[in-house]
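Read through the structure below, which is laid out as structure tokens, and then see the notes.
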2 protein chains.
Amino acid sequence: MTTTSNILQGRHELYREETVQKVLVAAERLGYRPNLLARGLAKQRTHTIGLVIERYHSRLTRNDYALPILDGASEYLYAHEYDVKIISLASEHPKNLWRRLENGTMDGALLLAPVLESPLLEWYRHLALPAVSVGSLLPPETGISCVDIDNETAMRALTEWVIHQGHRQIGFIKGHPLHWSAHQRERAFRQTLADWGIITREEWILQGNYTPESGRRCAQQLLALKHRPTVVICANDGSAVGFIQECIAQGVRIPEDLSVAGFDDEPSYHPIVPNLTTVRHDKVKVGYLAAQLLMEQIQNPHAQPTTIRLPGELVIRSSVVRLAPPQASCAPQSKTIGGQP
Amino acid sequence: MTTTSNILQGRHELYREETVQKVLVAAERLGYRPNLLARGLAKQRTHTIGLVIERYHSRLTRNDYALPILDGASEYLYAHEYDVKIISLASEHPKNLWRRLENGTMDGALLLAPVLESPLLEWYRHLALPAVSVGSLLPPETGISCVDIDNETAMRALTEWVIHQGHRQIGFIKGHPLHWSAHQRERAFRQTLADWGIITREEWILQGNYTPESGRRCAQQLLALKHRPTVVICANDGSAVGFIQECIAQGVRIPEDLSVAGFDDEPSYHPIVPNLTTVRHDKVKVGYLAAQLLMEQIQNPHAQPTTIRLPGELVIRSSVVRLAPPQASCAPQSKTIGGQP
DNA sequence: GTGAAAGCGCTAACAC
DNA sequence: GTGTTAGCGCTTTCAC
């Protein structure tokens with residue numbers, strides 16, 4: 001039994017060639033396949049991680065980011081002989097939550113973009129399962145490792161670029177209030193304006209929720225104002241699309257009458273708004289790095305929490321017009337923005 | 001031990017209230033959570049199913065159907081206390097395939113749209129794991145249960161509707177040659193034409209692969225012909241989008257100069273081709289029913305293989321013009337087409 | 001080098 | 001009603 005087990009796990013060097021062959025041939029002939037459950041029980045390691053999806057996200061279909069993140073994470077995990085299990089927390093009582101996660105079936109968890117009031121955050125403090133947040137940069141107090149794009153730096157760069165184009169009357173469509181990214185993007189926007197001494201007019205800062213529908217609604221509100229900004233920065237491409245569609249419907253030309261910028265460079269919108277100036281980032285890589293970080297955490301459970309911020313890239317198209325000649329000294333030298341060394 | 005195990009599994013009726021409470025309280029106080037691995041080992045049932053994704057599909061991101069199917073399947077499975085594990089077969093040797101699937105970690109498998117030469121088909125004959133194909137209707141010889149939309153009936157209905165609009169010169173863009181659905185749609189198209197005594201001109205039947213890019217290429221080929229059809233039916237919306245874009249780029253107006261129909265009613269294309277006449281179907285439901293069928297198969301492993309075909313629905317917009325007054329007697333009474341009672 | 005035996009955490013017969 | 005026991009299929013310690 002020992003012999004068999006050892007050889008089947010690749011520890012050939014312990015035995016003579018003859019024995020090894022005998023075992024291998026027999027296993028092959030019998031069509032033997034190890035039972036991974038039993039192995040997991042014995043070794044206390046299942047080679048499975050859970051991708052935890054909160055009630056809030058419910059259907060994967062509705063999340064632009066879930067898929068690339070899953071793809072990236074899978075890529076890393078499969079290369080390391082890990083499987084991924086999807087844990088959907090739709091309508092879960094926080095108590096069940098615990099047994100959904102710490103039940104011996106996974107070595108670690110990838111938390112898909114926890115939201116602001118996520119029970120996962122509270123739960124994590126009582127938890128012994130390695131976990132990393134992917135797609136949300138959580139406050140350090142949570143003690144959870146995070147991987148996401150560098151929302152603040154990228155939004156700052158976009159806003160500064162818009163300012164360099166001569167705009168001073170700048171509107172903003174906020175993202176979903178439950179998303180950390182929405183707050184981070186808004187904060188960077190406001191801070192940048194403040195740093196440049198530009199007044200933020202609250203009537204130009206509208207509450208969206210990342211959907212085209214919300215963008216449309218915001219456009220209606222904004223266009224009803226008697227005094228309009230010269231440019232509107234949207235917290236993501238999704239709301240930018242709705243915003244632009246509503247503008248066009250009302251006869252407001254983009255960018256001749258109003259400039260618009262987005263955020264995310266979401267490929268599925270390219271055919272609809274081919275000229276949208278926005279910020280691109282690599283979500284597949286976010287998933288990949290999160291998986292990698294999680295694996296490290298599994299190897300070494302007492303490692304310090306780490307946060308990885310991936311840089312974005314300004315994608316300048318033609319939806320934002322230049323109002324005045326740019327100041328050469330202010331033009332961005334490189335288009336890669338944010339992230340860590 | 002028995003007592004504890006029974007009570008924790010909900011069999012309260014065997015014991016007196018007092019004992020039940022004692023156990024429950026103790027479990028709560030100790031923060032006890034059953035180890036699902038151990039339970040699985042003992043019960044020979046893991047409450048997990050695998051969603052098997054072939055090399056061919058590799059990145060989920062690229063499949064319009066993967067996500068809704070996953071959503072639908074999840075919905076059913078979570079309601080029945082099952083988890084889903086993603087098994088990605090990227091670059092897998094058929095031999096490994098076996099141990100990736102029959103390793104004790106899952107009770108059954110959902111095969112995501114197996115392709116024509118899929119090793120899964122051969123493998124299934126040697127397999128003891130319940131499985132159902134979702135998104136591909138496989139030949140009965142395989143002995144595998146299948147759930148998908150009713151490609152043939154729906155394509156026949158679309159083609160007949162086009163004929164009713166007075167078209168007799170009809171082109172066709174084929175789908176990806178490795179997809180069963182592509183062959184089924186093409187066969188229905190050809191058969192319908194034959195039934196109506198309409199000549200199929202092979203130069204009007206072009207090889208696409210479901211992508212917009214292939215649609216573009218087919219448009220180039222078709223527009224180069226000196227004699228063109230009056231309408232082109234595309235095997236899916238994806239290729240229709242590319243086809244239409246290329247037509248417009250070449251100054252061919254849709255539908256004034258050429259009519260085009262799609263298939264799938266893919267929501268992400270609505271903003272790009274809002275007037276596309278196509279066939280809608282419910283992919284979430286496909287996933288849901290497949291999961292249900294799989295569960296039945298797990299309960300009763302010796303059940304006969306079953307095939308479920310879901311009806312589609314003609315979505316008539318304005319990308320196909322009427323060439324002659326329709327014959328009233330031929331107009332479809334109901335728009336729901338195909339499927340089983 | 002190889003085999004025997006204990007144990008991973010649970011369930012299910014079977015006594016009591 | 002409740003406790004004892006054997007086992008699910010594997011790994012691992014420890015003798016031999």
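Residue names in the structure tokens use chain letters A, B, ... in the order shown, residue numbers from 1 in each chain, and ligand numbers from 1 in the order shown.
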Output as an MDAnalysis selection string the set of chain B residues within 8 Å of chain D, with distances taken over only C-alpha atoms (C1' of nucleotides). chainID B and resid 1:3 14:15 41:44
When you get a sec, could you note down which chain B residues fall within 8 Å of chain A, using only C-alpha atoms, as a VMD selection string? chain B and resid 33 to 38 40 to 41 59 to 61 67 to 68 71 78 83 to 88 99 102 to 105 268 271 to 272
Just list the residues in stretch 42-291 of chain A DSSP gives alpha helix (DSSP H) on the backbone, as a ChimeraX atom specification. /A:42-43,66-79,94-101,119-124,151-164,180-195,212-224,237-249,283-291
Check the DSSP output for the backbone and give back, as a VMD selection string, the residues of stretch 227-322 of chain B in strand (DSSP E or B). chain B and resid 231 to 234 259 to 261 264 277 to 280 307 to 310 312 to 315
Dump as a short mmCIF file (atom, residue, chain, number, x, y, z; two decimals), in the first residue's frame, selection limited to C-alpha atoms:
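Writing the result to part03.cif gives the following:
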```cif
data_model
loop_
_atom_site.label_atom_id
_atom_site.label_comp_id
_atom_site.auth_asym_id
_atom_site.auth_seq_id
_atom_site.Cartn_x
_atom_site.Cartn_y
_atom_site.Cartn_z
CA VAL B 231 -31.40 37.81 -48.71
CA VAL B 232 -28.70 36.17 -46.61
CA ILE B 233 -29.46 34.05 -43.58
CA CYS B 234 -26.59 33.93 -41.11
CA SER B 259 -31.88 41.58 -46.61
CA VAL B 260 -30.11 39.84 -43.73
CA ALA B 261 -31.35 37.55 -40.96
CA ASP B 264 -29.73 33.71 -31.47
CA THR B 277 -34.55 39.82 -37.72
CA THR B 278 -33.48 36.73 -35.85
CA VAL B 279 -34.50 33.84 -33.60
CA ARG B 280 -34.53 34.19 -29.85
CA THR B 307 -32.90 14.76 -25.37
CA ILE B 308 -34.59 18.05 -24.64
CA ARG B 309 -35.04 20.60 -27.43
CA LEU B 310 -36.20 24.05 -26.41
CA GLY B 312 -37.09 29.29 -30.29
CA GLU B 313 -39.08 32.39 -31.11
CA LEU B 314 -39.00 34.32 -34.35
CA VAL B 315 -38.08 37.94 -33.72
#
```
At most 9 Å to chain B: residues in chain C, only C-alpha atoms (C1' of nucleotides), as a PyMOL selection string: chain C and resi 8-12
Dump of N, CA and C atoms (P, O5', C5', C4', C3', O3' and C1' of nucleotides) for the selected residues, as a PDB file, in the first residue's frame:
```pdb
ATOM      1  P    DC C   8      -7.246  11.436  13.338  1.00  0.00           P
ATOM      2  O5'  DC C   8      -7.619  12.392  12.132  1.00  0.00           O
ATOM      3  C5'  DC C   8      -6.637  12.964  11.283  1.00  0.00           C
ATOM      4  C4'  DC C   8      -7.274  13.186   9.923  1.00  0.00           C
ATOM      5  C3'  DC C   8      -8.762  13.468   9.999  1.00  0.00           C
ATOM      6  O3'  DC C   8      -8.949  14.884  10.011  1.00  0.00           O
ATOM      7  C1'  DC C   8      -8.230  11.886   8.246  1.00  0.00           C
ATOM      8  P    DG C   9      -9.725  15.570  11.247  1.00  0.00           P
ATOM      9  O5'  DG C   9     -11.260  15.318  10.911  1.00  0.00           O
ATOM     10  C5'  DG C   9     -11.807  15.884   9.738  1.00  0.00           C
ATOM     11  C4'  DG C   9     -13.140  15.239   9.457  1.00  0.00           C
ATOM     12  C3'  DG C   9     -14.131  15.300  10.620  1.00  0.00           C
ATOM     13  O3'  DG C   9     -15.352  15.796  10.112  1.00  0.00           O
ATOM     14  C1'  DG C   9     -13.979  13.114   9.792  1.00  0.00           C
ATOM     15  P    DC C  10     -16.669  15.993  10.947  1.00  0.00           P
ATOM     16  O5'  DC C  10     -17.581  14.795  10.424  1.00  0.00           O
ATOM     17  C5'  DC C  10     -18.210  14.925   9.179  1.00  0.00           C
ATOM     18  C4'  DC C  10     -18.390  13.571   8.549  1.00  0.00           C
ATOM     19  C3'  DC C  10     -19.646  12.830   8.964  1.00  0.00           C
ATOM     20  O3'  DC C  10     -20.711  13.239   8.124  1.00  0.00           O
ATOM     21  C1'  DC C  10     -17.766  11.379   8.696  1.00  0.00           C
ATOM     22  P    DT C  11     -22.182  12.761   8.539  1.00  0.00           P
ATOM     23  O5'  DT C  11     -22.203  11.241   8.071  1.00  0.00           O
ATOM     24  C5'  DT C  11     -22.160  10.955   6.674  1.00  0.00           C
ATOM     25  C4'  DT C  11     -22.350   9.464   6.470  1.00  0.00           C
ATOM     26  C3'  DT C  11     -23.715   8.939   6.878  1.00  0.00           C
ATOM     27  O3'  DT C  11     -24.118   8.038   5.854  1.00  0.00           O
ATOM     28  C1'  DT C  11     -22.033   7.732   8.008  1.00  0.00           C
ATOM     29  P    DA C  12     -25.563   7.434   5.837  1.00  0.00           P
ATOM     30  O5'  DA C  12     -25.311   5.961   6.381  1.00  0.00           O
ATOM     31  C5'  DA C  12     -24.355   5.146   5.706  1.00  0.00           C
ATOM     32  C4'  DA C  12     -24.374   3.794   6.339  1.00  0.00           C
ATOM     33  C3'  DA C  12     -25.774   3.285   6.683  1.00  0.00           C
ATOM     34  O3'  DA C  12     -25.758   1.881   6.538  1.00  0.00           O
ATOM     35  C1'  DA C  12     -24.541   3.508   8.656  1.00  0.00           C
TER      36       DA C  12
END
```
Do you have the atom CA of B:His183-atom CA of B:Ser239 distance handy?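 Interatomic distance here is 15.3 Å.
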Interatomic distance (Å, one decimal) between atom CA of B:Glu141 and atom CA of B:Asp107: 23.3 Å
Polymer residues at most 8 Å from stretch 131-133 of chain B, only C-alpha atoms (C1' of nucleotides), same-chain spacing of 4 or more positions, as a ChimeraX atom specification: /B:108-114,137-138,144-147,290,293-294,297
Atoms kept (C-alpha atoms) for selection, written as a compact mmCIF listing (two decimals), in the first residue's frame:
```
# COMPACT_ATOMS: atom_id res chain seq x y z
CA GLY B 108 -22.04 14.09 -12.40
CA ALA B 109 -20.88 16.29 -15.23
CA LEU B 110 -22.40 18.93 -17.45
CA LEU B 111 -20.54 18.82 -20.75
CA LEU B 112 -20.46 22.32 -22.17
CA ALA B 113 -21.25 22.15 -25.88
CA PRO B 114 -19.04 19.25 -26.93
CA LEU B 137 -27.45 17.96 -29.46
CA LEU B 138 -25.26 14.92 -30.01
CA ILE B 144 -25.53 10.93 -23.98
CA SER B 145 -28.47 12.96 -22.78
CA CYS B 146 -28.61 16.40 -24.35
CA VAL B 147 -30.28 19.73 -23.78
CA ALA B 290 -29.68 20.42 -18.21
CA LEU B 293 -31.81 16.32 -16.15
CA LEU B 294 -28.39 15.61 -14.71
CA GLN B 297 -29.66 10.91 -13.94
```
So how many Å separate atom CA of A:Pro212 and atom CA of A:Ala240, to one decimal?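 Here the two named atoms are 6.8 Å from each other.
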